[in-house]
>>> print(open('protein_5.txt').read())   # compact mmCIF, N, CA and C atoms
# COMPACT_ATOMS: atom_id res chain seq x y z
N PRO A 1 -36.80 0.68 2.49
CA PRO A 1 -35.65 1.48 2.08
C PRO A 1 -34.56 0.61 1.47
N ARG A 2 -33.90 1.16 0.47
CA ARG A 2 -32.84 0.44 -0.23
C ARG A 2 -31.55 0.51 0.57
N VAL A 3 -30.90 -0.62 0.76
CA VAL A 3 -29.64 -0.68 1.49
C VAL A 3 -28.49 -0.49 0.49
N THR A 4 -27.65 0.50 0.76
CA THR A 4 -26.51 0.75 -0.12
C THR A 4 -25.27 0.06 0.44
N PRO A 5 -24.24 -0.15 -0.39
CA PRO A 5 -23.01 -0.76 0.11
C PRO A 5 -22.38 0.05 1.25
N ALA A 6 -22.53 1.38 1.20
CA ALA A 6 -21.98 2.22 2.26
C ALA A 6 -22.68 1.94 3.59
N ASP A 7 -23.99 1.64 3.51
CA ASP A 7 -24.73 1.31 4.73
C ASP A 7 -24.23 0.00 5.33
N MET A 8 -23.67 -0.85 4.50
CA MET A 8 -23.20 -2.16 4.95
C MET A 8 -21.77 -2.08 5.48
N GLY A 9 -21.17 -0.90 5.48
CA GLY A 9 -19.83 -0.74 6.04
C GLY A 9 -18.71 -0.70 5.01
N PHE A 10 -19.03 -0.78 3.73
CA PHE A 10 -17.99 -0.72 2.70
C PHE A 10 -17.66 0.74 2.39
N SER A 11 -16.38 1.00 2.15
CA SER A 11 -15.99 2.37 1.82
C SER A 11 -15.15 2.44 0.55
N ARG A 12 -14.60 1.32 0.12
CA ARG A 12 -13.79 1.29 -1.11
C ARG A 12 -14.61 0.61 -2.19
N PHE A 13 -14.91 1.35 -3.24
CA PHE A 13 -15.73 0.82 -4.31
C PHE A 13 -14.94 0.75 -5.61
N VAL A 14 -15.29 -0.20 -6.46
CA VAL A 14 -14.69 -0.29 -7.79
C VAL A 14 -15.36 0.80 -8.61
N GLU A 15 -14.60 1.84 -8.91
CA GLU A 15 -15.15 2.98 -9.65
C GLU A 15 -14.03 3.65 -10.43
N VAL A 16 -14.41 4.36 -11.47
CA VAL A 16 -13.44 5.08 -12.28
C VAL A 16 -12.77 6.13 -11.40
N GLY A 17 -11.43 6.14 -11.39
CA GLY A 17 -10.68 7.08 -10.58
C GLY A 17 -10.15 6.48 -9.28
N ARG A 18 -10.58 5.28 -8.94
CA ARG A 18 -10.10 4.63 -7.71
C ARG A 18 -8.66 4.20 -7.90
N VAL A 19 -7.81 4.52 -6.95
CA VAL A 19 -6.41 4.13 -7.00
C VAL A 19 -6.30 2.70 -6.46
N VAL A 20 -5.58 1.85 -7.20
CA VAL A 20 -5.43 0.45 -6.81
C VAL A 20 -3.96 0.09 -6.68
N LEU A 21 -3.70 -0.94 -5.89
CA LEU A 21 -2.36 -1.49 -5.74
C LEU A 21 -2.33 -2.81 -6.49
N VAL A 22 -1.35 -2.98 -7.37
CA VAL A 22 -1.22 -4.22 -8.13
C VAL A 22 -0.52 -5.25 -7.24
N ASN A 23 -1.15 -6.41 -7.03
CA ASN A 23 -0.64 -7.43 -6.12
C ASN A 23 0.17 -8.52 -6.80
N ARG A 24 -0.07 -8.75 -8.08
CA ARG A 24 0.62 -9.84 -8.79
C ARG A 24 1.08 -9.38 -10.16
N GLY A 25 2.03 -10.09 -10.69
CA GLY A 25 2.49 -9.82 -12.04
C GLY A 25 3.73 -8.94 -12.07
N PRO A 26 4.12 -8.50 -13.25
CA PRO A 26 5.34 -7.70 -13.38
C PRO A 26 5.24 -6.33 -12.71
N ASP A 27 4.03 -5.82 -12.51
CA ASP A 27 3.85 -4.50 -11.89
C ASP A 27 3.55 -4.59 -10.40
N GLU A 28 3.84 -5.71 -9.79
CA GLU A 28 3.52 -5.93 -8.38
C GLU A 28 4.11 -4.82 -7.50
N GLY A 29 3.28 -4.29 -6.62
CA GLY A 29 3.72 -3.25 -5.69
C GLY A 29 3.54 -1.83 -6.20
N LYS A 30 3.11 -1.69 -7.45
CA LYS A 30 2.91 -0.35 -8.03
C LYS A 30 1.44 0.06 -7.92
N VAL A 31 1.21 1.37 -7.91
CA VAL A 31 -0.16 1.86 -7.86
C VAL A 31 -0.61 2.31 -9.24
N ALA A 32 -1.90 2.14 -9.50
CA ALA A 32 -2.49 2.54 -10.78
C ALA A 32 -3.89 3.07 -10.50
N VAL A 33 -4.54 3.54 -11.55
CA VAL A 33 -5.88 4.12 -11.41
C VAL A 33 -6.85 3.35 -12.31
N ILE A 34 -8.04 3.05 -11.80
CA ILE A 34 -9.06 2.40 -12.63
C ILE A 34 -9.61 3.43 -13.60
N VAL A 35 -9.55 3.09 -14.89
CA VAL A 35 -10.01 3.97 -15.95
C VAL A 35 -11.37 3.52 -16.47
N ASP A 36 -11.61 2.21 -16.40
CA ASP A 36 -12.86 1.65 -16.90
C ASP A 36 -13.06 0.27 -16.28
N VAL A 37 -14.31 -0.11 -16.10
CA VAL A 37 -14.62 -1.45 -15.62
C VAL A 37 -15.00 -2.28 -16.84
N VAL A 38 -14.21 -3.31 -17.14
CA VAL A 38 -14.42 -4.12 -18.34
C VAL A 38 -15.61 -5.05 -18.14
N ASP A 39 -15.58 -5.84 -17.07
CA ASP A 39 -16.68 -6.76 -16.75
C ASP A 39 -16.64 -7.05 -15.25
N GLN A 40 -17.30 -8.11 -14.83
CA GLN A 40 -17.39 -8.45 -13.41
C GLN A 40 -16.05 -8.87 -12.82
N GLN A 41 -15.09 -9.20 -13.67
CA GLN A 41 -13.82 -9.72 -13.17
C GLN A 41 -12.61 -8.85 -13.48
N ARG A 42 -12.75 -7.89 -14.39
CA ARG A 42 -11.58 -7.11 -14.81
C ARG A 42 -11.85 -5.62 -14.86
N ALA A 43 -10.78 -4.86 -14.65
CA ALA A 43 -10.85 -3.41 -14.78
C ALA A 43 -9.68 -2.95 -15.64
N LEU A 44 -9.91 -1.91 -16.43
CA LEU A 44 -8.85 -1.31 -17.21
C LEU A 44 -8.14 -0.31 -16.30
N VAL A 45 -6.85 -0.55 -16.07
CA VAL A 45 -6.09 0.33 -15.19
C VAL A 45 -4.96 1.00 -15.96
N ASP A 46 -4.53 2.14 -15.46
CA ASP A 46 -3.45 2.89 -16.09
C ASP A 46 -2.66 3.57 -14.98
N GLY A 47 -1.35 3.50 -15.07
CA GLY A 47 -0.50 4.16 -14.08
C GLY A 47 0.72 4.76 -14.72
N PRO A 48 0.53 5.80 -15.55
CA PRO A 48 1.67 6.36 -16.27
C PRO A 48 2.76 6.93 -15.36
N GLU A 49 2.39 7.37 -14.18
CA GLU A 49 3.36 7.95 -13.25
C GLU A 49 4.13 6.88 -12.48
N SER A 50 3.51 5.72 -12.29
CA SER A 50 4.15 4.66 -11.51
C SER A 50 4.73 3.56 -12.39
N GLY A 51 4.56 3.67 -13.70
CA GLY A 51 5.13 2.69 -14.61
C GLY A 51 4.24 1.51 -14.93
N VAL A 52 2.94 1.61 -14.61
CA VAL A 52 2.00 0.54 -14.94
C VAL A 52 1.39 0.87 -16.30
N LYS A 53 1.60 -0.03 -17.26
CA LYS A 53 1.03 0.19 -18.60
C LYS A 53 -0.47 0.03 -18.55
N ARG A 54 -1.15 0.69 -19.47
CA ARG A 54 -2.61 0.59 -19.56
C ARG A 54 -2.97 -0.85 -19.95
N GLN A 55 -3.72 -1.52 -19.07
CA GLN A 55 -4.05 -2.92 -19.30
C GLN A 55 -5.26 -3.31 -18.46
N ALA A 56 -5.89 -4.40 -18.86
CA ALA A 56 -7.01 -4.95 -18.09
C ALA A 56 -6.43 -5.91 -17.06
N LEU A 57 -6.76 -5.67 -15.79
CA LEU A 57 -6.29 -6.54 -14.72
C LEU A 57 -7.48 -7.17 -14.00
N ASN A 58 -7.28 -8.41 -13.59
CA ASN A 58 -8.31 -9.11 -12.84
C ASN A 58 -8.42 -8.51 -11.45
N PHE A 59 -9.63 -8.43 -10.90
CA PHE A 59 -9.82 -7.87 -9.57
C PHE A 59 -9.09 -8.69 -8.50
N LYS A 60 -8.83 -9.96 -8.80
CA LYS A 60 -8.09 -10.80 -7.85
C LYS A 60 -6.64 -10.35 -7.72
N ASN A 61 -6.15 -9.63 -8.73
CA ASN A 61 -4.75 -9.23 -8.75
C ASN A 61 -4.52 -7.79 -8.32
N ILE A 62 -5.57 -7.10 -7.88
CA ILE A 62 -5.43 -5.72 -7.43
C ILE A 62 -6.14 -5.54 -6.09
N SER A 63 -5.70 -4.54 -5.35
CA SER A 63 -6.36 -4.18 -4.09
C SER A 63 -6.79 -2.73 -4.17
N LEU A 64 -8.02 -2.46 -3.78
CA LEU A 64 -8.53 -1.09 -3.79
C LEU A 64 -7.95 -0.32 -2.61
N THR A 65 -7.56 0.93 -2.84
CA THR A 65 -7.05 1.77 -1.76
C THR A 65 -8.11 2.81 -1.40
N ASP A 66 -7.84 3.60 -0.39
CA ASP A 66 -8.75 4.67 0.01
C ASP A 66 -8.61 5.89 -0.89
N LEU A 67 -7.57 5.93 -1.70
CA LEU A 67 -7.30 7.10 -2.54
C LEU A 67 -8.14 7.09 -3.81
N LYS A 68 -8.48 8.29 -4.28
CA LYS A 68 -9.30 8.42 -5.48
C LYS A 68 -8.92 9.71 -6.21
N VAL A 69 -8.96 9.67 -7.53
CA VAL A 69 -8.72 10.87 -8.33
C VAL A 69 -9.96 11.16 -9.16
N GLU A 70 -10.16 12.42 -9.51
CA GLU A 70 -11.29 12.80 -10.34
C GLU A 70 -10.94 12.53 -11.79
N LEU A 71 -11.62 11.59 -12.39
CA LEU A 71 -11.35 11.21 -13.78
C LEU A 71 -12.65 10.95 -14.50
N GLY A 72 -12.62 11.17 -15.80
CA GLY A 72 -13.76 10.81 -16.62
C GLY A 72 -13.64 9.37 -17.07
N TYR A 73 -14.75 8.80 -17.45
CA TYR A 73 -14.82 7.42 -17.93
C TYR A 73 -13.92 7.24 -19.15
N GLY A 74 -13.00 6.27 -19.12
CA GLY A 74 -12.14 5.97 -20.26
C GLY A 74 -11.08 7.02 -20.53
N ALA A 75 -10.64 7.74 -19.51
CA ALA A 75 -9.64 8.81 -19.70
C ALA A 75 -8.35 8.26 -20.30
N ARG A 76 -7.73 9.06 -21.13
CA ARG A 76 -6.47 8.66 -21.75
C ARG A 76 -5.31 8.83 -20.77
N SER A 77 -4.17 8.27 -21.12
CA SER A 77 -3.01 8.26 -20.23
C SER A 77 -2.55 9.65 -19.81
N GLY A 78 -2.60 10.61 -20.72
CA GLY A 78 -2.18 11.97 -20.40
C GLY A 78 -3.05 12.58 -19.31
N ARG A 79 -4.34 12.38 -19.44
CA ARG A 79 -5.30 12.90 -18.45
C ARG A 79 -5.11 12.20 -17.10
N VAL A 80 -4.88 10.89 -17.15
CA VAL A 80 -4.65 10.12 -15.92
C VAL A 80 -3.39 10.62 -15.22
N SER A 81 -2.33 10.85 -16.00
CA SER A 81 -1.07 11.34 -15.46
C SER A 81 -1.25 12.69 -14.78
N LYS A 82 -1.98 13.60 -15.45
CA LYS A 82 -2.23 14.94 -14.90
C LYS A 82 -3.03 14.85 -13.61
N ALA A 83 -4.07 14.04 -13.60
CA ALA A 83 -4.91 13.89 -12.40
C ALA A 83 -4.10 13.26 -11.26
N PHE A 84 -3.23 12.32 -11.61
CA PHE A 84 -2.38 11.64 -10.63
C PHE A 84 -1.45 12.65 -9.96
N LYS A 85 -0.84 13.53 -10.78
CA LYS A 85 0.07 14.56 -10.25
C LYS A 85 -0.69 15.61 -9.45
N ASP A 86 -1.82 16.07 -10.00
CA ASP A 86 -2.60 17.12 -9.32
C ASP A 86 -3.09 16.67 -7.95
N ALA A 87 -3.48 15.40 -7.84
CA ALA A 87 -3.98 14.88 -6.56
C ALA A 87 -2.83 14.45 -5.65
N ASP A 88 -1.59 14.51 -6.16
CA ASP A 88 -0.40 14.17 -5.39
C ASP A 88 -0.51 12.76 -4.80
N ILE A 89 -0.95 11.83 -5.65
CA ILE A 89 -1.20 10.46 -5.21
C ILE A 89 0.07 9.75 -4.76
N ALA A 90 1.18 9.97 -5.45
CA ALA A 90 2.43 9.27 -5.11
C ALA A 90 2.83 9.55 -3.65
N SER A 91 2.80 10.80 -3.23
CA SER A 91 3.20 11.11 -1.86
C SER A 91 2.12 10.70 -0.86
N LYS A 92 0.84 10.81 -1.25
CA LYS A 92 -0.24 10.36 -0.36
C LYS A 92 -0.14 8.86 -0.13
N TRP A 93 0.18 8.11 -1.19
CA TRP A 93 0.32 6.66 -1.06
C TRP A 93 1.53 6.34 -0.17
N ALA A 94 2.65 7.03 -0.40
CA ALA A 94 3.86 6.77 0.38
C ALA A 94 3.65 7.07 1.86
N ALA A 95 2.70 7.95 2.18
CA ALA A 95 2.45 8.33 3.58
C ALA A 95 1.53 7.34 4.31
N THR A 96 0.90 6.42 3.57
CA THR A 96 -0.03 5.49 4.21
C THR A 96 0.74 4.39 4.95
N ALA A 97 0.11 3.84 5.98
CA ALA A 97 0.73 2.77 6.76
C ALA A 97 0.95 1.53 5.88
N TRP A 98 0.03 1.31 4.96
CA TRP A 98 0.10 0.18 4.03
C TRP A 98 1.39 0.24 3.22
N ALA A 99 1.68 1.42 2.64
CA ALA A 99 2.87 1.58 1.80
C ALA A 99 4.14 1.46 2.64
N LYS A 100 4.11 2.03 3.84
CA LYS A 100 5.29 1.96 4.72
C LYS A 100 5.59 0.51 5.09
N LYS A 101 4.54 -0.25 5.39
CA LYS A 101 4.70 -1.65 5.76
C LYS A 101 5.29 -2.45 4.59
N ARG A 102 4.80 -2.17 3.37
CA ARG A 102 5.32 -2.85 2.18
C ARG A 102 6.80 -2.50 1.97
N ALA A 103 7.15 -1.22 2.17
CA ALA A 103 8.53 -0.78 1.98
C ALA A 103 9.46 -1.47 2.97
N ILE A 104 9.01 -1.61 4.21
CA ILE A 104 9.81 -2.29 5.23
C ILE A 104 10.01 -3.75 4.85
N ARG A 105 8.93 -4.39 4.38
CA ARG A 105 9.01 -5.80 3.98
C ARG A 105 10.00 -5.99 2.84
N VAL A 106 9.97 -5.07 1.86
CA VAL A 106 10.89 -5.16 0.71
C VAL A 106 12.33 -4.96 1.19
N LYS A 107 12.52 -3.98 2.07
CA LYS A 107 13.88 -3.71 2.59
C LYS A 107 14.41 -4.91 3.37
N ARG A 108 13.55 -5.48 4.23
CA ARG A 108 13.97 -6.64 5.01
C ARG A 108 14.34 -7.82 4.11
N ALA A 109 13.58 -8.02 3.04
CA ALA A 109 13.84 -9.14 2.13
C ALA A 109 15.15 -8.96 1.38
N SER A 110 15.60 -7.70 1.22
CA SER A 110 16.82 -7.46 0.45
C SER A 110 18.09 -7.45 1.32
N LEU A 111 17.94 -7.66 2.64
CA LEU A 111 19.11 -7.66 3.52
C LEU A 111 19.99 -8.89 3.27
N ASN A 112 21.29 -8.68 3.38
CA ASN A 112 22.19 -9.83 3.30
C ASN A 112 22.43 -10.38 4.70
N ASP A 113 23.24 -11.39 4.82
CA ASP A 113 23.46 -12.07 6.09
C ASP A 113 24.01 -11.12 7.15
N PHE A 114 24.98 -10.30 6.78
CA PHE A 114 25.57 -9.38 7.75
C PHE A 114 24.55 -8.33 8.21
N ASP A 115 23.76 -7.83 7.28
CA ASP A 115 22.73 -6.84 7.64
C ASP A 115 21.73 -7.43 8.63
N ARG A 116 21.34 -8.68 8.41
CA ARG A 116 20.42 -9.35 9.35
C ARG A 116 21.06 -9.49 10.72
N PHE A 117 22.37 -9.79 10.74
CA PHE A 117 23.11 -9.88 12.01
C PHE A 117 23.11 -8.54 12.73
N VAL A 118 23.35 -7.46 12.00
CA VAL A 118 23.36 -6.11 12.59
C VAL A 118 21.98 -5.78 13.17
N VAL A 119 20.92 -6.15 12.46
CA VAL A 119 19.57 -5.92 12.95
C VAL A 119 19.36 -6.67 14.27
N LYS A 120 19.82 -7.92 14.33
CA LYS A 120 19.67 -8.74 15.53
C LYS A 120 20.41 -8.11 16.71
N VAL A 121 21.64 -7.68 16.48
CA VAL A 121 22.45 -7.07 17.55
C VAL A 121 21.79 -5.78 18.05
N ASN A 122 21.29 -4.97 17.13
CA ASN A 122 20.63 -3.72 17.52
C ASN A 122 19.36 -3.99 18.32
N LYS A 123 18.61 -5.03 17.94
CA LYS A 123 17.41 -5.41 18.70
C LYS A 123 17.79 -5.82 20.12
N GLN A 124 18.89 -6.57 20.24
CA GLN A 124 19.34 -7.00 21.56
C GLN A 124 19.75 -5.81 22.42
N LYS A 125 20.48 -4.86 21.82
CA LYS A 125 20.91 -3.66 22.55
C LYS A 125 19.69 -2.88 23.04
N ARG A 126 18.73 -2.73 22.15
CA ARG A 126 17.51 -1.99 22.51
C ARG A 126 16.77 -2.69 23.64
N ALA A 127 16.66 -4.01 23.55
CA ALA A 127 15.97 -4.78 24.59
C ALA A 127 16.66 -4.64 25.94
N ARG A 128 18.00 -4.63 25.94
CA ARG A 128 18.75 -4.47 27.20
C ARG A 128 18.45 -3.12 27.83
N ILE A 129 18.44 -2.06 27.00
CA ILE A 129 18.17 -0.71 27.52
C ILE A 129 16.76 -0.63 28.08
N VAL A 130 15.78 -1.16 27.34
CA VAL A 130 14.39 -1.13 27.78
C VAL A 130 14.22 -1.91 29.08
N ASN A 131 14.79 -3.11 29.15
CA ASN A 131 14.68 -3.93 30.37
C ASN A 131 15.35 -3.26 31.57
N LYS A 132 16.49 -2.61 31.34
CA LYS A 132 17.21 -1.92 32.41
C LYS A 132 16.32 -0.81 33.00
N GLU A 133 15.73 0.01 32.12
CA GLU A 133 14.85 1.10 32.58
C GLU A 133 13.60 0.54 33.25
N PHE A 134 13.06 -0.52 32.71
CA PHE A 134 11.86 -1.14 33.29
C PHE A 134 12.14 -1.65 34.70
N ASN A 135 13.29 -2.30 34.85
CA ASN A 135 13.66 -2.82 36.17
C ASN A 135 13.90 -1.71 37.18
N LYS A 136 14.47 -0.57 36.72
CA LYS A 136 14.66 0.58 37.59
C LYS A 136 13.30 1.08 38.09
N LEU A 137 12.35 1.21 37.16
CA LEU A 137 11.00 1.68 37.52
C LEU A 137 10.32 0.70 38.47
N LYS A 138 10.50 -0.58 38.22
CA LYS A 138 9.89 -1.63 39.04
C LYS A 138 10.45 -1.56 40.46
N LYS A 139 11.78 -1.36 40.54
CA LYS A 139 12.43 -1.26 41.84
C LYS A 139 11.96 -0.01 42.59
N ALA A 140 11.81 1.10 41.86
CA ALA A 140 11.42 2.37 42.46
C ALA A 140 9.97 2.32 42.98
N SER A 141 9.12 1.52 42.35
CA SER A 141 7.72 1.45 42.76
C SER A 141 7.50 0.60 44.01
N LYS A 142 8.48 -0.21 44.39
CA LYS A 142 8.34 -1.07 45.58
C LYS A 142 8.44 -0.30 46.86
>>> encode(input="protein_5.txt", output="structure tokens")
Amino acid sequence: PRVTPADMGFSRFVEVGRVVLVNRGPDEGKVAVIVDVVDQQRALVDGPESGVKRQALNFKNISLTDLKVELGYGARSGRVSKAFKDADIASKWAATAWAKKRAIRVKRASLNDFDRFVVKVNKQKRARIVNKEFNKLKKASK
């Protein structure tokens, strides 16, 4: 019997319609859709809704997501845009843990010195409240 990639535990495949996250370059952090596979190292991606211009990107510079849209091979930007909207990819992506984690990282990186201080103070306050309740429970269990 022939072993397929799915049998080996893979679930994200390089295929037309696969939504990808751009990891490097000017479009870093934006999502796009694979429109065509150029060769073993590059894919033609397009993200008219997210601001990614139609271009060939190296697979090293993109990450495959679990999201997929129904697209034909070599679809033009208008069709990609329509499929992107119809599948509601922007909100589906924003709801993923991956996107939330990236958003938190970006927000944390943009904090100024005072904002970081406020975060530290709030963490300390929270820790005091948690420890106080924990100690009450510990005392009550004795």
>>> atom_distance(input="protein_5.txt", atom1="CA of Arg42 (chain A)", atom2="atom N of Thr96 (chain A)")
26.0 Å
>>> residues_around(input="protein_5.txt", residues="region 78-83 of chain A", least_positions_apart="4", cutoff="6 Å", atoms="only N, CA and C atoms", output="ChimeraX atom specification")
/A:48-49,69,87-88
>>> select_by_dssp(input="protein_5.txt", residues="region 34-110 of chain A", states="alpha helix (DSSP H)", output="PyMOL selection string")
chain A and resi 77-86+89-94+97-109
>>> residues_around(input="protein_5.txt", residues="Ala32 (chain A)", least_positions_apart="3", cutoff="6 Å", atoms="all atoms listed in the file", output="list in words")
Arg18, Val19, Val20, Leu21, Val22, Val45, Asp46 and Gly47 of chain A
>>> atom_distance(input="protein_5.txt", atom1="atom N of Ala140 (chain A)", atom2="atom C of Val119 (chain A)")
29.6 Å
>>> closest_residue(input="protein_5.txt", among="A:Ala43, A:Leu64, A:Val52, A:Val130", to="Lys30 (chain A)", atoms="only N, CA and C atoms")
A:Val52
>>> build_atoms(input="protein_5.txt", residues="region 66-78 of chain A", atoms="N, CA, C and O atoms", output="mmCIF file, in the frame of the given file")
data_model
loop_
_atom_site.group_PDB
_atom_site.id
_atom_site.type_symbol
_atom_site.label_atom_id
_atom_site.label_comp_id
_atom_site.auth_asym_id
_atom_site.auth_seq_id
_atom_site.Cartn_x
_atom_site.Cartn_y
_atom_site.Cartn_z
ATOM 1 N N ASP A 66 -7.840 3.600 -0.390
ATOM 2 C CA ASP A 66 -8.750 4.670 0.010
ATOM 3 C C ASP A 66 -8.610 5.890 -0.890
ATOM 4 O O ASP A 66 -9.443 6.797 -0.832
ATOM 5 N N LEU A 67 -7.570 5.930 -1.700
ATOM 6 C CA LEU A 67 -7.300 7.100 -2.540
ATOM 7 C C LEU A 67 -8.140 7.090 -3.810
ATOM 8 O O LEU A 67 -8.445 6.026 -4.354
ATOM 9 N N LYS A 68 -8.480 8.290 -4.280
ATOM 10 C CA LYS A 68 -9.300 8.420 -5.480
ATOM 11 C C LYS A 68 -8.920 9.710 -6.210
ATOM 12 O O LYS A 68 -8.573 10.700 -5.567
ATOM 13 N N VAL A 69 -8.960 9.670 -7.530
ATOM 14 C CA VAL A 69 -8.720 10.870 -8.330
ATOM 15 C C VAL A 69 -9.960 11.160 -9.160
ATOM 16 O O VAL A 69 -10.730 10.240 -9.479
ATOM 17 N N GLU A 70 -10.160 12.420 -9.510
ATOM 18 C CA GLU A 70 -11.290 12.800 -10.340
ATOM 19 C C GLU A 70 -10.940 12.530 -11.790
ATOM 20 O O GLU A 70 -10.035 13.171 -12.332
ATOM 21 N N LEU A 71 -11.620 11.590 -12.390
ATOM 22 C CA LEU A 71 -11.350 11.210 -13.780
ATOM 23 C C LEU A 71 -12.650 10.950 -14.500
ATOM 24 O O LEU A 71 -13.628 10.518 -13.888
ATOM 25 N N GLY A 72 -12.620 11.170 -15.800
ATOM 26 C CA GLY A 72 -13.760 10.810 -16.620
ATOM 27 C C GLY A 72 -13.640 9.370 -17.070
ATOM 28 O O GLY A 72 -12.550 8.788 -17.076
ATOM 29 N N TYR A 73 -14.750 8.800 -17.450
ATOM 30 C CA TYR A 73 -14.820 7.420 -17.930
ATOM 31 C C TYR A 73 -13.920 7.240 -19.150
ATOM 32 O O TYR A 73 -14.016 7.993 -20.115
ATOM 33 N N GLY A 74 -13.000 6.270 -19.120
ATOM 34 C CA GLY A 74 -12.140 5.970 -20.260
ATOM 35 C C GLY A 74 -11.080 7.020 -20.530
ATOM 36 O O GLY A 74 -10.625 7.157 -21.668
ATOM 37 N N ALA A 75 -10.640 7.740 -19.510
ATOM 38 C CA ALA A 75 -9.640 8.810 -19.700
ATOM 39 C C ALA A 75 -8.350 8.260 -20.300
ATOM 40 O O ALA A 75 -7.940 7.143 -20.001
ATOM 41 N N ARG A 76 -7.730 9.060 -21.130
ATOM 42 C CA ARG A 76 -6.470 8.660 -21.750
ATOM 43 C C ARG A 76 -5.310 8.830 -20.770
ATOM 44 O O ARG A 76 -5.445 9.505 -19.752
ATOM 45 N N SER A 77 -4.170 8.270 -21.120
ATOM 46 C CA SER A 77 -3.010 8.260 -20.230
ATOM 47 C C SER A 77 -2.550 9.650 -19.810
ATOM 48 O O SER A 77 -2.157 9.858 -18.656
ATOM 49 N N GLY A 78 -2.600 10.610 -20.720
ATOM 50 C CA GLY A 78 -2.180 11.970 -20.400
ATOM 51 C C GLY A 78 -3.050 12.580 -19.310
ATOM 52 O O GLY A 78 -2.559 13.222 -18.375
#
